[in-house]
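Asks: Got a structure for you, upload-v2.pdb, holding PDB, C-alpha atoms.
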```
ATOM      1  CA  MET C1375     -16.041  56.084-105.505
ATOM      2  CA  ILE C1376     -19.300  54.131-105.150
ATOM      3  CA  PHE C1377     -17.594  51.875-102.637
ATOM      4  CA  LYS C1378     -16.716  54.860-100.444
ATOM      5  CA  LYS C1379     -20.252  56.296-100.661
ATOM      6  CA  GLN C1380     -21.670  53.053 -99.328
ATOM      7  CA  TYR C1381     -19.407  53.233 -96.318
ATOM      8  CA  LEU C1382     -20.275  56.877 -95.788
ATOM      9  CA  TYR C1383     -24.002  56.079 -95.813
ATOM     10  CA  LEU C1384     -23.450  53.151 -93.471
ATOM     11  CA  ILE C1385     -21.524  55.351 -91.043
ATOM     12  CA  LEU C1386     -24.261  58.009 -91.160
ATOM     13  CA  VAL C1387     -26.970  55.439 -90.480
ATOM     14  CA  ILE C1388     -25.044  53.959 -87.557
ATOM     15  CA  PHE C1389     -24.328  57.406 -86.119
ATOM     16  CA  SER C1390     -28.011  58.374 -86.419
ATOM     17  CA  MET C1391     -29.115  55.188 -84.684
ATOM     18  CA  LEU C1392     -26.633  55.654 -81.854
ATOM     19  CA  SER C1393     -27.733  59.264 -81.372
ATOM     20  CA  PHE C1394     -31.369  58.216 -81.205
ATOM     21  CA  ILE C1395     -30.639  55.399 -78.728
ATOM     22  CA  SER C1396     -28.555  57.644 -76.466
ATOM     23  CA  CYS C1397     -31.260  60.310 -76.558
ATOM     24  CA  GLN C1398     -33.887  57.754 -75.550
ATOM     25  CA  ALA C1399     -31.817  56.690 -72.550
ATOM     26  CA  LEU C1400     -31.873  60.239 -71.157
ATOM     27  CA  TYR C1401     -35.651  60.577 -70.945
ATOM     28  CA  VAL C1402     -38.394  58.594 -69.265
ATOM     29  CA  PRO C1403     -42.148  59.172 -69.265
ATOM     30  CA  LEU C1404     -43.067  61.221 -66.211
ATOM     31  CA  LYS C1405     -45.299  59.535 -63.672
ATOM     32  CA  LYS C1406     -47.035  62.495 -62.011
ATOM     33  CA  GLU C1407     -48.085  60.321 -59.097
ATOM     34  CA  MET C1408     -46.080  57.338 -57.869
ATOM     35  CA  PRO C1409     -47.566  55.192 -55.088
ATOM     36  CA  PHE C1410     -45.393  52.758 -53.136
ATOM     37  CA  ASN C1411     -46.707  50.098 -50.750
ATOM     38  CA  ILE C1412     -45.050  49.859 -47.340
ATOM     39  CA  ASN C1413     -45.364  47.896 -44.115
ATOM     40  CA  SER C1414     -45.227  49.858 -40.887
ATOM     41  CA  ASN C1415     -46.630  49.823 -37.397
ATOM     42  CA  SER C1416     -47.724  53.460 -37.312
ATOM     43  CA  LYS C1417     -47.851  56.768 -39.156
ATOM     44  CA  ALA C1418     -45.278  58.072 -36.673
ATOM     45  CA  ASP C1419     -42.824  55.362 -37.827
ATOM     46  CA  VAL C1420     -43.450  56.313 -41.457
ATOM     47  CA  GLU C1421     -42.934  60.005 -40.754
ATOM     48  CA  GLU C1422     -39.681  59.321 -38.900
ATOM     49  CA  ALA C1423     -38.421  57.087 -41.722
ATOM     50  CA  ILE C1424     -39.238  59.794 -44.280
ATOM     51  CA  ARG C1425     -37.472  62.491 -42.244
ATOM     52  CA  LYS C1426     -34.344  60.348 -41.807
ATOM     53  CA  SER C1427     -34.295  59.533 -45.511
ATOM     54  CA  PHE C1428     -34.642  63.191 -46.540
ATOM     55  CA  ILE C1429     -31.643  64.064 -44.395
ATOM     56  CA  ALA C1430     -29.553  61.080 -45.531
ATOM     57  CA  ARG C1431     -30.264  61.758 -49.233
ATOM     58  CA  GLY C1432     -29.773  65.541 -49.096
ATOM     59  CA  TRP C1433     -33.380  66.610 -49.641
ATOM     60  CA  ALA C1434     -34.741  69.860 -48.169
ATOM     61  CA  PHE C1435     -38.222  69.324 -46.755
ATOM     62  CA  LYS C1436     -41.076  70.939 -44.907
ATOM     63  CA  LYS C1437     -43.873  69.235 -43.010
ATOM     64  CA  LYS C1438     -47.268  70.257 -44.319
ATOM     65  CA  LYS C1439     -50.708  69.806 -42.813
ATOM     66  CA  GLY C1440     -51.617  66.212 -41.987
ATOM     67  CA  GLU C1441     -49.505  63.395 -43.380
ATOM     68  CA  ASN C1442     -47.772  65.442 -46.085
ATOM     69  CA  PHE C1443     -44.326  66.786 -46.889
ATOM     70  CA  ALA C1444     -43.090  69.226 -49.521
ATOM     71  CA  ALA C1445     -39.567  68.308 -50.627
ATOM     72  CA  ILE C1446     -36.867  69.722 -52.901
ATOM     73  CA  LEU C1447     -33.712  68.064 -54.173
ATOM     74  CA  ASN C1448     -30.921  70.145 -55.725
ATOM     75  CA  VAL C1449     -28.159  68.254 -57.513
ATOM     76  CA  ARG C1450     -25.638  70.401 -59.352
ATOM     77  CA  LYS C1451     -27.810  72.546 -61.683
ATOM     78  CA  HIS C1452     -30.869  70.300 -61.379
ATOM     79  CA  GLU C1453     -33.843  70.735 -59.076
ATOM     80  CA  ILE C1454     -36.928  68.634 -58.471
ATOM     81  CA  LYS C1455     -39.902  69.390 -56.236
ATOM     82  CA  VAL C1456     -42.295  66.723 -55.004
ATOM     83  CA  ASN C1457     -45.094  66.421 -52.483
ATOM     84  CA  ILE C1458     -45.206  63.262 -50.415
ATOM     85  CA  SER C1459     -48.268  61.964 -48.622
ATOM     86  CA  TYR C1460     -48.296  58.838 -46.493
ATOM     87  CA  THR C1461     -50.355  56.408 -44.468
ATOM     88  CA  GLU C1462     -49.350  53.277 -42.577
ATOM     89  CA  ASP C1463     -49.742  51.306 -45.810
ATOM     90  CA  ASN C1464     -48.375  53.507 -48.598
ATOM     91  CA  ILE C1465     -46.388  56.535 -49.643
ATOM     92  CA  ILE C1466     -47.351  58.642 -52.655
ATOM     93  CA  PHE C1467     -44.831  60.862 -54.448
ATOM     94  CA  LYS C1468     -46.409  63.636 -56.543
ATOM     95  CA  TYR C1469     -44.370  65.591 -59.083
ATOM     96  CA  VAL C1470     -44.653  69.366 -58.553
ATOM     97  CA  SER C1471     -41.974  70.940 -60.744
ATOM     98  CA  SER C1472     -38.381  70.735 -61.898
ATOM     99  CA  LYS C1473     -35.530  72.838 -63.282
ATOM    100  CA  ASN C1474     -32.948  71.683 -65.828
ATOM    101  CA  MET C1475     -34.557  68.229 -66.013
ATOM    102  CA  ASN C1476     -35.705  68.548 -69.653
ATOM    103  CA  PHE C1477     -39.335  68.246 -68.609
ATOM    104  CA  GLY C1478     -41.731  68.536 -71.502
ATOM    105  CA  ILE C1479     -43.347  66.926 -74.457
ATOM    106  CA  ASN C1480     -42.077  63.804 -76.151
ATOM    107  CA  PRO C1481     -38.471  64.473 -77.282
ATOM    108  CA  PHE C1482     -38.909  61.914 -80.069
ATOM    109  CA  ALA C1483     -41.877  63.639 -81.730
ATOM    110  CA  GLU C1484     -39.617  65.221 -84.365
ATOM    111  CA  ILE C1485     -38.060  61.876 -85.220
ATOM    112  CA  ASN C1486     -41.345  59.963 -85.071
ATOM    113  CA  PRO C1487     -44.306  62.207 -85.991
ATOM    114  CA  THR C1488     -46.767  59.466 -84.963
ATOM    115  CA  ALA C1489     -45.380  59.432 -81.397
ATOM    116  CA  ASN C1490     -47.686  60.365 -78.538
ATOM    117  CA  THR C1491     -47.041  64.082 -78.063
ATOM    118  CA  LYS C1492     -49.245  64.346 -74.955
ATOM    119  CA  THR C1493     -46.982  62.196 -72.806
ATOM    120  CA  LYS C1494     -44.647  64.325 -70.704
ATOM    121  CA  TYR C1495     -41.027  63.217 -70.401
ATOM    122  CA  ILE C1496     -38.319  64.038 -67.882
ATOM    123  CA  HIS C1497     -34.638  63.262 -67.400
ATOM    124  CA  LYS C1498     -34.091  59.699 -66.161
ATOM    125  CA  ASN C1499     -32.395  60.948 -62.987
ATOM    126  CA  TYR C1500     -35.775  62.138 -61.666
ATOM    127  CA  GLN C1501     -36.984  58.558 -61.485
ATOM    128  CA  MET C1502     -33.666  57.388 -60.040
ATOM    129  CA  TRP C1503     -33.700  60.032 -57.269
ATOM    130  CA  VAL C1504     -37.301  59.280 -56.269
ATOM    131  CA  ASP C1505     -36.641  55.525 -56.327
ATOM    132  CA  SER C1506     -33.514  56.020 -54.182
ATOM    133  CA  LEU C1507     -35.465  58.086 -51.671
ATOM    134  CA  PHE C1508     -38.156  55.420 -51.452
ATOM    135  CA  ALA C1509     -35.527  52.673 -51.020
ATOM    136  CA  SER C1510     -34.043  54.672 -48.142
ATOM    137  CA  ILE C1511     -37.475  55.134 -46.537
ATOM    138  CA  ASN C1512     -38.201  51.431 -46.871
ATOM    139  CA  SER C1513     -34.813  50.597 -45.344
ATOM    140  CA  ASN C1514     -35.482  52.932 -42.406
ATOM    141  CA  LEU C1515     -38.900  51.323 -41.874
ATOM    142  CA  SER C1516     -37.284  47.881 -41.817
ATOM    143  CA  LEU C1517     -34.757  49.054 -39.222
ATOM    144  CA  SER C1518     -37.469  50.593 -37.020
ATOM    145  CA  ALA C1519     -39.484  47.341 -37.134
ATOM    146  CA  ASN C1520     -36.587  45.412 -35.555
TER     147      ASN C1520
END
```
Would it be possible to restate this file's structure as structure tokens?

Replies:
Amino acid sequence: MIFKKQYLYLILVIFSMLSFISCQALYVPLKKEMPFNINSNSKADVEEAIRKSFIARGWAFKKKKGENFAAILNVRKHEIKVNISYTEDNIIFKYVSSKNMNFGINPFAEINPTANTKTKYIHKNYQMWVDSLFASINSNLSLSAN
């Protein structure tokens, strides 16, 4: 009987660890503002590269005053909204809001009471979608330079 209890405890510990690890993989700390350095010849080239990338990646967008865009991405039940400002040298993505992206306080605060509860977390796909959009913009800038 003691032998079986040891295995039961071991299984519970392993299951708990796997649950914690899989939960961690779903969330990343939110970077409210994400600057990216670029190389371009003009603001017009940057704007064109951004527009092409929005279309290619399925983002809805609206040109705002100056060198700014408001953009929305809907993927299944998820939605993210960002503002993008740009110059010839950089592009800055600013988080506006999201739906069904588990945005909020540290999801590990209950497990680790000493965790930083002021850091906001969001589903890892947010970072992936913004990174993919930037990669597309950078690719379009490279093509326009040739």

Asks: Please put the answer as lines of an AutoDock Vina configuration file: centre and edge lengths, in Å with one decimal, of a box along x, y and z that encloses all listed atoms of region 1426-1439 of chain C plus 3 Å on each side.

Replies:
```
center_x = -40.1
center_y = 65.2
center_z = -45.7
size_x = 27.2
size_y = 17.4
size_z = 13.8
```

Asks: Please measure the separation of CA of Asn1415 (chain C) and CA of Asn1464 (chain C), giving the value in Å to one decimal.

Replies: 11.9 Å

Asks: Nearest to Val1456 (chain C) among C:Met1475, C:Val1504, C:Ala1430, C:Leu1515, with distances taken over all atoms listed in the file: which residue is it?

Replies: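 That would be C:Val1504, the residue with the smallest distance to Val1456 (chain C).
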
Asks: Using all atoms listed in the file, which of C:Lys1492, C:Lys1439, C:Arg1425, C:Lys1468 sits nearest Pro1409 (chain C)?

Replies: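 Nearest to Pro1409 (chain C): C:Lys1468.
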
Asks: Find the distance between CA of Ala1423 (chain C) and CA of Lys1455 (chain C) and write it in Å to one decimal.

Replies: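 According to the coordinates, CA of Ala1423 (chain C) and CA of Lys1455 (chain C) are separated by 19.1 Å.
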
Asks: Excluding Lys1405 (chain C) and any residue of its chain fewer than 2 positions from it, enumerate the residues within 9 Å of it, using all atoms listed in the file, and give them as a PyMOL selection string.

Replies: chain C and resi 1402-1403+1407-1408+1468-1469+1494-1495+1501

Asks: Which residues, written as a count of residues only, have at least one atom at most 7 Å from region 1446-1450 of chain C, with all atoms listed in the file counted and residues fewer than 2 positions away on the same chain left out?

Replies: 9

Asks: When the PyMOL selection byres ((chain C and resi 1410) around 9) is applied to the structure above, which residues does it catch, written out as a ChimeraX atom specification?

Replies: /C:1408-1409,1411-1412,1463-1467,1508

Asks: Name every residue that the PyMOL selection byres ((chain C and resi 1513) around 12) selects in this structure, writing the answer as an mmCIF file with C-alpha atoms, in the frame of the given file with chains first and numbers rising.

Replies:
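expr-v8.cif written:
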```cif
data_model
loop_
_atom_site.group_PDB
_atom_site.id
_atom_site.type_symbol
_atom_site.label_atom_id
_atom_site.label_comp_id
_atom_site.auth_asym_id
_atom_site.auth_seq_id
_atom_site.Cartn_x
_atom_site.Cartn_y
_atom_site.Cartn_z
ATOM 1 C CA ILE C 1412 -45.050 49.859 -47.340
ATOM 2 C CA ASN C 1413 -45.364 47.896 -44.115
ATOM 3 C CA SER C 1414 -45.227 49.858 -40.887
ATOM 4 C CA ASP C 1419 -42.824 55.362 -37.827
ATOM 5 C CA VAL C 1420 -43.450 56.313 -41.457
ATOM 6 C CA GLU C 1422 -39.681 59.321 -38.900
ATOM 7 C CA ALA C 1423 -38.421 57.087 -41.722
ATOM 8 C CA ILE C 1424 -39.238 59.794 -44.280
ATOM 9 C CA LYS C 1426 -34.344 60.348 -41.807
ATOM 10 C CA SER C 1427 -34.295 59.533 -45.511
ATOM 11 C CA ALA C 1430 -29.553 61.080 -45.531
ATOM 12 C CA SER C 1506 -33.514 56.020 -54.182
ATOM 13 C CA LEU C 1507 -35.465 58.086 -51.671
ATOM 14 C CA PHE C 1508 -38.156 55.420 -51.452
ATOM 15 C CA ALA C 1509 -35.527 52.673 -51.020
ATOM 16 C CA SER C 1510 -34.043 54.672 -48.142
ATOM 17 C CA ILE C 1511 -37.475 55.134 -46.537
ATOM 18 C CA ASN C 1512 -38.201 51.431 -46.871
ATOM 19 C CA ASN C 1514 -35.482 52.932 -42.406
ATOM 20 C CA LEU C 1515 -38.900 51.323 -41.874
ATOM 21 C CA SER C 1516 -37.284 47.881 -41.817
ATOM 22 C CA LEU C 1517 -34.757 49.054 -39.222
ATOM 23 C CA SER C 1518 -37.469 50.593 -37.020
ATOM 24 C CA ALA C 1519 -39.484 47.341 -37.134
ATOM 25 C CA ASN C 1520 -36.587 45.412 -35.555
#
```

Asks: What gap, in Å, lies between CA of Ala1418 (chain C) and CA of Arg1431 (chain C)?

Replies: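 Computing it gives 19.9 Å between the two atoms.
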
Asks: On this file, the PyMOL selection byres ((chain C and resi 1498) around 10) gives some set of residues; write that set as a short mmCIF file (atom, residue, chain, number, x, y, z; two decimals) with C-alpha atoms, in the frame of the given file.

Replies:
```cif
data_model
loop_
_atom_site.label_atom_id
_atom_site.label_comp_id
_atom_site.auth_asym_id
_atom_site.auth_seq_id
_atom_site.Cartn_x
_atom_site.Cartn_y
_atom_site.Cartn_z
CA GLN C 1398 -33.89 57.75 -75.55
CA ALA C 1399 -31.82 56.69 -72.55
CA LEU C 1400 -31.87 60.24 -71.16
CA TYR C 1401 -35.65 60.58 -70.94
CA VAL C 1402 -38.39 58.59 -69.26
CA PRO C 1403 -42.15 59.17 -69.26
CA LEU C 1404 -43.07 61.22 -66.21
CA MET C 1475 -34.56 68.23 -66.01
CA ASN C 1476 -35.70 68.55 -69.65
CA TYR C 1495 -41.03 63.22 -70.40
CA ILE C 1496 -38.32 64.04 -67.88
CA HIS C 1497 -34.64 63.26 -67.40
CA ASN C 1499 -32.40 60.95 -62.99
CA TYR C 1500 -35.78 62.14 -61.67
CA GLN C 1501 -36.98 58.56 -61.48
CA MET C 1502 -33.67 57.39 -60.04
CA TRP C 1503 -33.70 60.03 -57.27
#
```

Asks: What residues have an atom no more than 8 Å from (-43.3, 66.8, -47.9) in the file's own frame, counting only C-alpha atoms, and can you write them as a ChimeraX atom specification?

Replies: /C:1435-1438,1442-1445,1456-1459
